[in-house]
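Have a look at coords.cif below; it lists mmCIF, C-alpha atoms.
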```
data_run
loop_
_atom_site.label_atom_id
_atom_site.label_comp_id
_atom_site.auth_asym_id
_atom_site.auth_seq_id
_atom_site.Cartn_x
_atom_site.Cartn_y
_atom_site.Cartn_z
CA ASP X 1 23.13 14.42 8.80
CA LEU X 2 24.39 15.72 5.45
CA ASP X 3 26.56 13.46 3.28
CA SER X 4 27.96 14.94 0.04
CA SER X 5 29.59 12.04 -1.78
CA LEU X 6 31.36 12.72 -5.05
CA VAL X 7 28.48 11.98 -7.40
CA GLY X 8 29.53 11.41 -11.00
CA SER X 9 33.23 11.05 -10.25
CA GLU X 10 35.32 7.89 -10.12
CA MET X 11 35.05 7.87 -6.35
CA CYS X 12 31.61 7.34 -4.85
CA ILE X 13 31.41 6.59 -1.15
CA ARG X 14 29.07 3.92 0.18
CA ASP X 15 27.65 4.77 3.56
CA SER X 16 26.24 2.43 6.16
CA TYR X 17 23.76 3.88 8.64
CA LYS X 18 22.72 1.83 11.66
CA ALA X 19 20.39 2.65 14.54
CA GLY X 20 17.92 1.09 16.96
CA HIS X 21 14.73 3.09 17.46
CA TRP X 22 14.09 6.71 16.46
CA GLY X 23 16.61 7.84 13.89
CA MET X 24 17.53 8.46 10.26
CA GLY X 25 15.03 11.28 9.82
CA ALA X 26 12.66 10.86 12.77
CA ALA X 27 10.76 13.55 14.64
CA LEU X 28 8.81 13.95 17.86
CA PHE X 29 7.39 17.48 18.22
CA GLY X 30 10.13 18.80 15.93
CA LEU X 31 12.12 18.24 12.76
CA GLY X 32 14.51 15.36 12.05
CA ALA X 33 16.33 15.02 8.74
CA LEU X 34 18.95 12.79 7.15
CA ILE X 35 20.23 13.93 3.73
CA ASP X 36 22.59 11.81 1.62
CA GLU X 37 23.54 13.16 -1.81
CA GLY X 38 25.15 10.08 -3.39
CA GLY X 39 26.59 6.59 -3.16
CA ASP X 40 25.18 3.09 -2.75
CA ASP X 41 23.95 3.36 0.81
CA HIS X 42 22.61 0.92 3.37
CA TYR X 43 20.16 2.10 6.04
CA THR X 44 19.36 -0.38 8.84
CA MET X 45 17.33 0.12 12.01
CA ALA X 46 14.56 -1.38 14.13
CA SER X 47 11.66 1.07 14.09
CA MET X 48 10.47 4.67 13.94
CA GLY X 49 12.75 6.17 11.35
CA GLN X 50 13.82 6.53 7.74
CA GLY X 51 11.26 9.31 7.41
CA ALA X 52 8.83 9.05 10.36
CA ALA X 53 7.16 11.51 12.70
CA PHE X 54 4.78 12.06 15.61
CA PHE X 55 3.62 15.70 15.82
CA GLY X 56 6.53 16.90 13.68
CA ALA X 57 8.32 16.26 10.40
CA GLY X 58 10.77 13.44 9.72
CA LEU X 59 12.68 13.41 6.43
CA LEU X 60 15.11 10.99 4.79
CA LEU X 61 16.30 12.36 1.45
CA ASP X 62 18.70 10.40 -0.78
CA ALA X 63 19.77 11.88 -4.12
CA ALA X 64 21.51 9.02 -5.95
CA GLY X 65 22.83 5.47 -5.76
CA ASP X 66 21.54 1.92 -5.45
CA ASP X 67 20.31 2.03 -1.87
CA ARG X 68 18.88 -0.49 0.59
CA TYR X 69 16.51 0.52 3.37
CA GLU X 70 15.72 -2.01 6.12
CA LEU X 71 13.40 -1.94 9.12
CA ALA X 72 13.51 -4.91 11.49
CA GLN X 73 10.11 -4.03 12.96
CA GLY X 74 8.35 -1.14 11.20
CA ASP X 75 7.01 2.42 11.56
CA GLY X 76 9.03 4.18 8.90
CA GLN X 77 10.10 4.59 5.30
CA GLY X 78 7.53 7.36 5.01
CA PHE X 79 5.33 7.05 8.13
CA GLY X 80 3.07 9.83 9.41
CA ALA X 81 1.71 9.13 12.89
CA PRO X 82 -0.76 11.51 14.61
CA GLY X 83 0.22 15.10 13.85
CA GLY X 84 3.22 13.93 11.84
CA ILE X 85 4.62 14.19 8.34
CA GLY X 86 7.05 11.39 7.49
CA ILE X 87 8.75 11.39 4.09
CA LEU X 88 11.33 9.11 2.49
CA ALA X 89 12.35 10.48 -0.93
CA ASP X 90 14.93 8.82 -3.18
CA ARG X 91 15.87 10.50 -6.47
CA SER X 92 17.56 7.74 -8.48
CA GLY X 93 19.07 4.27 -8.42
CA ASP X 94 17.84 0.70 -8.20
CA ASP X 95 16.63 0.73 -4.62
CA HIS X 96 15.37 -1.95 -2.24
CA TYR X 97 12.92 -1.12 0.54
CA TYR X 98 12.45 -3.90 3.08
CA VAL X 99 10.40 -4.23 6.27
CA GLU X 100 10.46 -7.56 8.09
CA PRO X 101 7.04 -9.20 7.52
CA ASP X 102 7.47 -12.27 9.74
CA ALA X 103 5.70 -11.68 13.06
CA LYS X 104 7.97 -14.22 14.76
CA LYS X 105 10.94 -11.95 14.01
CA ALA X 106 9.37 -8.49 14.05
CA GLY X 107 6.64 -8.96 16.67
CA ARG X 108 3.58 -6.78 16.04
CA ALA X 109 1.44 -9.75 14.94
CA ASP X 110 -1.71 -8.85 13.00
CA TYR X 111 -4.94 -10.82 13.35
CA HIS X 112 -5.82 -10.12 9.70
CA SER X 113 -3.17 -12.72 8.83
CA LYS X 114 -3.77 -15.04 11.78
CA ASP X 115 -0.84 -13.47 13.66
CA ARG X 116 1.68 -14.75 11.10
CA ILE X 117 2.38 -11.34 9.53
CA ALA X 118 3.55 -8.18 11.26
CA VAL X 119 1.98 -4.72 11.11
CA SER X 120 4.59 -2.77 9.16
CA ASN X 121 3.23 0.80 9.17
CA ALA X 122 5.78 1.54 6.47
CA GLN X 123 6.45 2.56 2.88
CA GLY X 124 3.99 5.43 2.66
CA VAL X 125 1.58 5.09 5.61
CA GLY X 126 -0.44 7.68 7.49
CA SER X 127 -1.97 6.21 10.65
CA GLY X 128 -3.89 7.56 13.62
CA ARG X 129 -4.81 6.20 17.02
CA ARG X 130 -8.21 4.58 17.12
CA GLY X 131 -9.87 4.83 20.52
CA ASP X 132 -13.57 4.63 19.81
CA ILE X 133 -13.77 1.00 20.94
CA SER X 134 -11.28 1.29 23.81
CA ASP X 135 -10.49 4.33 25.98
CA GLY X 136 -12.02 6.99 23.72
CA HIS X 137 -8.76 8.87 23.11
CA VAL X 138 -8.69 9.40 19.34
CA TRP X 139 -5.88 11.05 17.37
CA ALA X 140 -6.13 11.58 13.63
CA GLY X 141 -3.35 10.16 11.49
CA GLY X 142 -0.77 12.25 9.67
CA LEU X 143 0.80 12.12 6.20
CA GLY X 144 3.26 9.39 5.26
CA ALA X 145 4.88 9.23 1.83
CA LEU X 146 7.53 7.18 0.08
CA ILE X 147 8.67 8.88 -3.13
CA ASP X 148 11.07 7.19 -5.56
CA VAL X 149 11.72 8.99 -8.84
CA ASP X 150 13.89 6.67 -10.97
CA GLY X 151 15.22 3.12 -11.02
CA ASN X 152 14.12 -0.51 -10.97
CA ASP X 153 12.97 -0.74 -7.38
CA ARG X 154 11.79 -3.47 -5.03
CA TYR X 155 9.33 -2.88 -2.20
CA GLU X 156 8.76 -5.57 0.47
CA ALA X 157 6.66 -5.32 3.63
CA GLY X 158 3.97 -7.01 5.72
CA ASN X 159 0.50 -5.65 6.57
CA PHE X 160 -0.50 -1.97 6.59
CA SER X 161 2.02 -0.81 4.03
CA GLN X 162 2.76 0.69 0.61
CA GLY X 163 0.35 3.60 0.28
CA LEU X 164 -1.99 2.93 3.22
CA GLY X 165 -4.19 5.29 5.22
CA TYR X 166 -5.66 4.40 8.62
CA TRP X 167 -7.89 6.37 10.98
CA PHE X 168 -7.99 9.79 9.27
CA GLY X 169 -4.44 9.34 7.95
CA THR X 170 -3.11 9.75 4.40
CA GLY X 171 -0.56 7.35 2.93
CA LEU X 172 1.14 7.64 -0.46
CA LEU X 173 3.66 5.57 -2.39
CA TRP X 174 4.75 7.29 -5.64
CA ASP X 175 7.19 5.68 -8.07
CA GLY X 176 8.26 7.65 -11.11
CA ALA X 177 10.02 5.25 -13.46
CA GLY X 178 11.47 1.76 -13.77
CA ASP X 179 10.42 -1.86 -13.70
CA ASP X 180 9.33 -2.31 -10.09
CA THR X 181 8.33 -5.22 -7.86
CA TYR X 182 5.90 -4.86 -4.96
CA ARG X 183 5.48 -7.62 -2.35
CA SER X 184 3.28 -7.39 0.74
CA VAL X 185 0.32 -9.10 2.36
CA TYR X 186 -2.82 -7.31 3.62
CA PHE X 187 -4.16 -3.75 3.80
CA THR X 188 -1.61 -2.55 1.32
CA ARG X 189 -0.96 -0.81 -1.99
CA GLY X 190 -3.47 2.01 -2.27
CA SER X 191 -5.83 0.91 0.48
CA GLY X 192 -7.13 2.08 3.81
CA ALA X 193 -9.47 1.71 6.76
CA HIS X 194 -11.59 4.14 8.76
CA PHE X 195 -11.96 7.62 7.26
CA ALA X 196 -8.61 7.68 5.45
CA ILE X 197 -6.88 8.06 2.09
CA GLY X 198 -4.47 5.52 0.60
CA ALA X 199 -2.79 5.77 -2.79
CA LEU X 200 -0.14 4.03 -4.86
CA ILE X 201 0.85 5.80 -8.08
CA ASP X 202 3.35 4.27 -10.52
CA GLU X 203 4.18 6.43 -13.51
CA SER X 204 5.81 3.89 -15.86
CA GLY X 205 7.54 0.53 -16.31
CA ASN X 206 6.71 -3.15 -16.37
CA ASP X 207 5.65 -3.66 -12.77
CA ARG X 208 4.84 -6.76 -10.76
CA HIS X 209 2.37 -6.73 -7.85
CA GLU X 210 2.62 -9.83 -5.68
CA LEU X 211 0.53 -10.66 -2.61
CA TRP X 212 1.10 -13.65 -0.34
CA ASP X 213 -0.27 -15.32 2.79
CA THR X 214 -3.77 -13.82 3.29
CA ALA X 215 -3.10 -11.80 0.12
CA GLY X 216 -5.83 -9.18 0.06
CA ALA X 217 -7.36 -5.82 1.01
CA ALA X 218 -5.07 -4.33 -1.60
CA LEU X 219 -4.68 -2.67 -4.98
CA ALA X 220 -7.30 0.04 -4.39
CA PHE X 221 -9.35 -1.29 -1.48
CA GLY X 222 -11.34 0.84 0.92
CA TRP X 223 -12.95 -0.13 4.24
CA ASP X 224 -15.14 2.26 6.23
CA VAL X 225 -15.32 5.65 4.46
CA VAL X 226 -12.00 5.51 2.67
CA ASN X 227 -10.82 6.93 -0.66
CA ALA X 228 -8.45 4.34 -2.16
CA PHE X 229 -6.44 4.68 -5.36
CA LEU X 230 -4.09 2.57 -7.43
CA ILE X 231 -3.03 4.42 -10.57
CA ASP X 232 -0.58 2.84 -13.01
CA ARG X 233 0.34 5.22 -15.81
CA GLY X 234 2.05 4.60 -19.13
CA ALA X 235 2.13 1.53 -21.34
CA GLY X 236 3.98 -0.94 -19.11
CA ASP X 237 3.10 -4.64 -19.09
CA ASP X 238 2.02 -5.16 -15.48
CA TYR X 239 1.13 -8.18 -13.36
CA TYR X 240 -1.43 -8.14 -10.53
CA GLU X 241 -2.53 -10.96 -8.22
CA ALA X 242 -4.83 -11.20 -5.19
CA GLU X 243 -6.75 -13.78 -3.17
CA ARG X 244 -9.46 -11.60 -1.60
CA ILE X 245 -11.19 -8.15 -1.67
CA SER X 246 -8.76 -6.38 -4.02
CA ILE X 247 -8.36 -4.46 -7.27
CA GLY X 248 -10.93 -1.66 -7.10
CA VAL X 249 -13.14 -2.92 -4.26
CA ALA X 250 -15.04 -0.67 -1.82
CA GLU X 251 -16.69 -1.73 1.42
CA VAL X 252 -18.50 0.09 4.28
CA ARG X 253 -19.22 3.21 2.23
CA SER X 254 -15.80 3.73 0.69
CA ASN X 255 -14.65 4.73 -2.80
CA ALA X 256 -12.03 2.62 -4.59
CA PHE X 257 -10.49 3.47 -7.95
CA PHE X 258 -8.15 1.16 -9.86
CA LEU X 259 -6.78 2.65 -13.08
CA ASP X 260 -4.21 1.12 -15.44
CA GLU X 261 -3.58 3.35 -18.45
CA GLY X 262 -2.06 0.84 -20.86
CA GLY X 263 0.13 -2.14 -21.59
CA ASP X 264 -0.50 -5.86 -21.91
CA ASP X 265 -1.47 -6.60 -18.32
CA THR X 266 -2.26 -9.80 -16.45
CA TYR X 267 -4.77 -10.10 -13.59
CA VAL X 268 -4.94 -13.25 -11.45
CA VAL X 269 -7.64 -13.54 -8.77
CA ALA X 270 -9.23 -16.26 -6.68
CA ARG X 271 -12.26 -18.13 -7.98
CA GLN X 272 -14.55 -16.66 -5.30
CA GLY X 273 -14.67 -13.17 -3.81
CA LYS X 274 -14.85 -9.46 -4.66
CA PHE X 275 -12.38 -8.31 -7.32
CA LEU X 276 -12.04 -6.07 -10.39
CA GLY X 277 -14.47 -3.34 -9.32
CA ASP X 278 -17.04 -4.28 -6.69
CA VAL X 279 -18.85 -3.09 -3.56
CA ASP X 280 -20.44 -4.79 -0.59
CA LYS X 281 -24.07 -4.81 0.52
CA ARG X 282 -25.22 -4.26 4.10
CA ALA X 283 -28.59 -3.88 5.80
CA SER X 284 -27.58 -0.43 7.09
CA TYR X 285 -27.35 0.84 3.48
CA GLU X 286 -31.14 0.42 3.13
CA LYS X 287 -32.28 1.32 6.64
CA PRO X 288 -30.58 3.78 9.02
CA GLY X 289 -29.29 2.40 12.28
CA ARG X 290 -30.62 3.47 15.67
CA THR X 291 -27.34 5.03 16.87
CA SER X 292 -25.60 5.92 13.60
CA ASP X 293 -26.98 6.64 10.15
CA PHE X 294 -23.89 7.63 8.18
CA THR X 295 -23.72 4.38 6.22
CA TRP X 296 -27.34 4.94 5.16
CA ARG X 297 -26.66 8.50 4.02
CA LEU X 298 -23.42 7.89 2.12
CA ALA X 299 -22.92 6.27 -1.26
CA GLN X 300 -19.93 4.27 -2.46
CA VAL X 301 -18.26 3.16 -5.68
CA GLY X 302 -15.79 0.47 -6.70
CA VAL X 303 -14.18 1.06 -10.10
CA PHE X 304 -11.82 -1.05 -12.17
CA LEU X 305 -10.60 0.55 -15.39
CA ASP X 306 -7.92 -0.75 -17.78
CA CYS X 307 -7.68 1.70 -20.66
CA ASP X 308 -5.51 0.01 -23.30
CA GLY X 309 -3.45 -3.04 -24.23
CA LYS X 310 -4.13 -6.74 -24.71
CA ASP X 311 -4.96 -7.92 -21.20
CA THR X 312 -5.36 -11.35 -19.65
CA TYR X 313 -7.82 -12.14 -16.83
CA LEU X 314 -7.39 -15.41 -14.94
CA VAL X 315 -8.88 -17.15 -11.93
CA ARG X 316 -6.70 -19.36 -9.77
CA ALA X 317 -8.03 -22.54 -8.16
CA LYS X 318 -6.90 -23.78 -4.75
CA ASP X 319 -4.50 -26.21 -6.41
CA GLY X 320 -2.77 -23.31 -8.16
CA THR X 321 -4.06 -23.94 -11.66
CA THR X 322 -5.50 -21.02 -13.64
CA SER X 323 -8.29 -20.63 -16.17
CA PRO X 324 -9.93 -17.69 -17.99
CA HIS X 325 -12.11 -15.42 -15.87
CA PRO X 326 -15.83 -16.14 -16.51
CA GLU X 327 -16.80 -12.45 -16.88
CA ALA X 328 -13.76 -10.19 -17.16
CA ARG X 329 -12.04 -10.11 -20.52
CA ASP X 330 -10.18 -7.70 -22.74
CA GLY X 331 -12.42 -5.16 -24.47
CA ALA X 332 -15.41 -5.88 -22.25
CA THR X 333 -17.50 -4.14 -19.59
CA TRP X 334 -19.06 -5.99 -16.68
CA HIS X 335 -21.00 -5.48 -13.45
CA GLN X 336 -20.15 -7.71 -10.51
CA ARG X 337 -23.67 -7.87 -9.13
CA SER X 338 -27.22 -7.33 -10.37
CA TYR X 339 -29.23 -4.26 -9.49
CA ASP X 340 -32.18 -4.60 -7.07
#
```
Translate this structure into structure tokens?
Amino acid sequence: DLDSSLVGSEMCIRDSYKAGHWGMGAALFGLGALIDEGGDDHYTMASMGQGAAFFGAGLLLDAAGDDRYELAQGDGQGFGAPGGIGILADRSGDDHYYVEPDAKKAGRADYHSKDRIAVSNAQGVGSGRRGDISDGHVWAGGLGALIDVDGNDRYEAGNFSQGLGYWFGTGLLWDGAGDDTYRSVYFTRGSGAHFAIGALIDESGNDRHELWDTAGAALAFGWDVVNAFLIDRGAGDDYYEAERISIGVAEVRSNAFFLDEGGDDTYVVARQGKFLGDVDKRASYEKPGRTSDFTWRLAQVGVFLDCDGKDTYLVRAKDGTTSPHPEARDGATWHQRSYD
């Protein structure tokens, strides 16, 4: 599909794309592409599209306009399933990316959020098929990427979203410019699980990172041999919040890197838990297991680095009140646990 609206003229056509499953740049053992060169467009479908692929390449490319992308279930907006490359790339405009997070509406309930939140598999997700604890049929994940170059954008999704890699997959969300808002729940925003890579890179702007419900496993979090990255460049004044295992945290022999280059940033975390650069500790790290020794042989690192600006670090109590963080503060260095 190629739409050449009259960009820059007085007339600019707004297009409305609607589909059920498999469309708007979706591929199965082939190539599927939707290209729209201008206009304020609205893309609406259920699942498996808007840049999604199994064993092929699915592309949705939009050049200009204030666009809205909606998935009623998930699997899209830059989703690479096994053998697939799924890309959603938007050049300019104030865009809104939305995937229904409510499991009662979308289905796909995820136990990480007590079945309240849906598995989105969207907004830059590469995911494979895990079969080691079921039938043994294992397929490595592909590459999923959401790329937005300019504009004040809004990203909303449920679990497994926004720069997430799962089971040998690679997921990337890259935003070039603008004051952006990110909202999601769990395993999200530069995170991953099981031999994967997840990254969220934001080049500039005053950005807001909101987590809700179980609110964790995010903002550079790795679980089980994962490389996880959240990189915020420039001097924007950014806001980050999390309730559990987030912001440069590595577990089960992963590597997690949180980097904010500058700006007067605010970090709000729960009173208890792993945050702001931390790793876990397991018995298998000190003594190899009988059937598998990889966790004994590998190392891991959790890094939190804020390079510049006057930053604020807060802890939030269960009643919602906040107070200064007991260890983290502007101009300081800290270790989250003592050495043994």
If I take atom CA of X:Ile231 and atom CA of X:Gly51, how far is one from the other in Å, to one decimal?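 According to the coordinates, atom CA of X:Ile231 and atom CA of X:Gly51 are separated by 23.5 Å.
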For atom CA of X:Gln77 and atom CA of X:Val226, quote the distance in Å rounded to one decimal. 22.3 Å
For this file, the PyMOL selection byres ((chain X and resi 203-214) around 9) selects which residues, as JSON, numbers by chain? {"X": [112, 113, 114, 116, 117, 152, 174, 175, 176, 177, 178, 179, 180, 181, 182, 183, 184, 185, 186, 189, 201, 202, 215, 216, 218, 219, 231, 232, 233, 234, 235, 236, 237, 238, 239, 240, 241, 242, 243, 244, 263]}
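Atom CA of X:Gln73 to atom CA of X:Gly142 spans 19.9 Å [interatomic distance, one decimal].
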Apply the PyMOL selection byres ((chain X and resi 223) around 8) to the structure shown and report the selected residues as a VMD selection string. chain X and resid 192 to 194 221 to 222 224 to 226 250 to 254
Within 9 Å of (0.3, 12.1, 5.9) in the file's own coordinates, which protein, DNA or RNA residues have an atom, counting all atoms listed in the file? List them as a list in words. Gly78, Phe79, Gly80, Ala81, Pro82, Gly83, Gly84, Ile85, Gly86, Ile87, Gly124, Val125, Gly126, Ser127, Gly141, Gly142, Leu143, Gly144, Ala145, Gly165, Gly169, Thr170, Gly171 and Leu172 of chain X
Please produce a file of the residues just selected, as an mmCIF file, in the frame of the given file, where the atoms kept are C-alpha atoms.
```
data_model
loop_
_atom_site.group_PDB
_atom_site.id
_atom_site.type_symbol
_atom_site.label_atom_id
_atom_site.label_comp_id
_atom_site.auth_asym_id
_atom_site.auth_seq_id
_atom_site.Cartn_x
_atom_site.Cartn_y
_atom_site.Cartn_z
ATOM 1 C CA GLY X 78 7.530 7.360 5.010
ATOM 2 C CA PHE X 79 5.330 7.050 8.130
ATOM 3 C CA GLY X 80 3.070 9.830 9.410
ATOM 4 C CA ALA X 81 1.710 9.130 12.890
ATOM 5 C CA PRO X 82 -0.760 11.510 14.610
ATOM 6 C CA GLY X 83 0.220 15.100 13.850
ATOM 7 C CA GLY X 84 3.220 13.930 11.840
ATOM 8 C CA ILE X 85 4.620 14.190 8.340
ATOM 9 C CA GLY X 86 7.050 11.390 7.490
ATOM 10 C CA ILE X 87 8.750 11.390 4.090
ATOM 11 C CA GLY X 124 3.990 5.430 2.660
ATOM 12 C CA VAL X 125 1.580 5.090 5.610
ATOM 13 C CA GLY X 126 -0.440 7.680 7.490
ATOM 14 C CA SER X 127 -1.970 6.210 10.650
ATOM 15 C CA GLY X 141 -3.350 10.160 11.490
ATOM 16 C CA GLY X 142 -0.770 12.250 9.670
ATOM 17 C CA LEU X 143 0.800 12.120 6.200
ATOM 18 C CA GLY X 144 3.260 9.390 5.260
ATOM 19 C CA ALA X 145 4.880 9.230 1.830
ATOM 20 C CA GLY X 165 -4.190 5.290 5.220
ATOM 21 C CA GLY X 169 -4.440 9.340 7.950
ATOM 22 C CA THR X 170 -3.110 9.750 4.400
ATOM 23 C CA GLY X 171 -0.560 7.350 2.930
ATOM 24 C CA LEU X 172 1.140 7.640 -0.460
#
```
Near-X:Phe168 list (6 Å; all atoms listed in the file; drop same-chain fewer than 5 positions) as a list in words: Ala140, Gly141, Phe195 and Ala196 of chain X
Could you tell me, as an MDAnalysis selection string, exactly which residues end up selected when the PyMOL selection byres ((chain X and resi 46) around 6) is applied to this structure? chainID X and resid 20:21 45 47 71:73
Selection: 12 Å around X:Asp319, only C-alpha atoms, excl. self and same-chain fewer than 4 positions, as number ranges by chain: X: 270-271, 315, 323
Requested write-out: C-alpha atoms of the selected residues, as a PDB file, in the coordinates of the input:
```
ATOM      1  CA  ALA X 270      -9.230 -16.260  -6.680  1.00  0.00           C
ATOM      2  CA  ARG X 271     -12.260 -18.130  -7.980  1.00  0.00           C
ATOM      3  CA  VAL X 315      -8.880 -17.150 -11.930  1.00  0.00           C
ATOM      4  CA  SER X 323      -8.290 -20.630 -16.170  1.00  0.00           C
TER       5      SER X 323
END
```
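Residue nearest X:Asp40 within the list X:Leu314, X:Leu88, X:Leu230, X:Ala64: X:Ala64 [criterion: smallest interatomic distance, only C-alpha atoms].
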X:Val269, X:Gly25, X:Thr44, X:Thr333: which is nearest X:Gly56, counting only C-alpha atoms?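 Using only C-alpha atoms, X:Gly56 sits closest to X:Gly25.
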Excluding X:Leu305 and any residue of its chain fewer than 4 positions from it, enumerate the residues within 9 Å of it, using only C-alpha atoms, and give them as a PyMOL selection string. chain X and resi 248+257-261+276-277
Best match for closeness to X:Gly76 among X:Ala52, X:Ala299, X:Leu164, X:Leu34, counting all atoms listed in the file: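 Nearest candidate to X:Gly76 out of X:Ala52, X:Ala299, X:Leu164, X:Leu34: X:Ala52.
Candidate residues X:His137, X:His42, X:Arg329, X:Arg282 were compared for distance to X:Tyr97, and the nearest is X:His42, using all atoms listed in the file.
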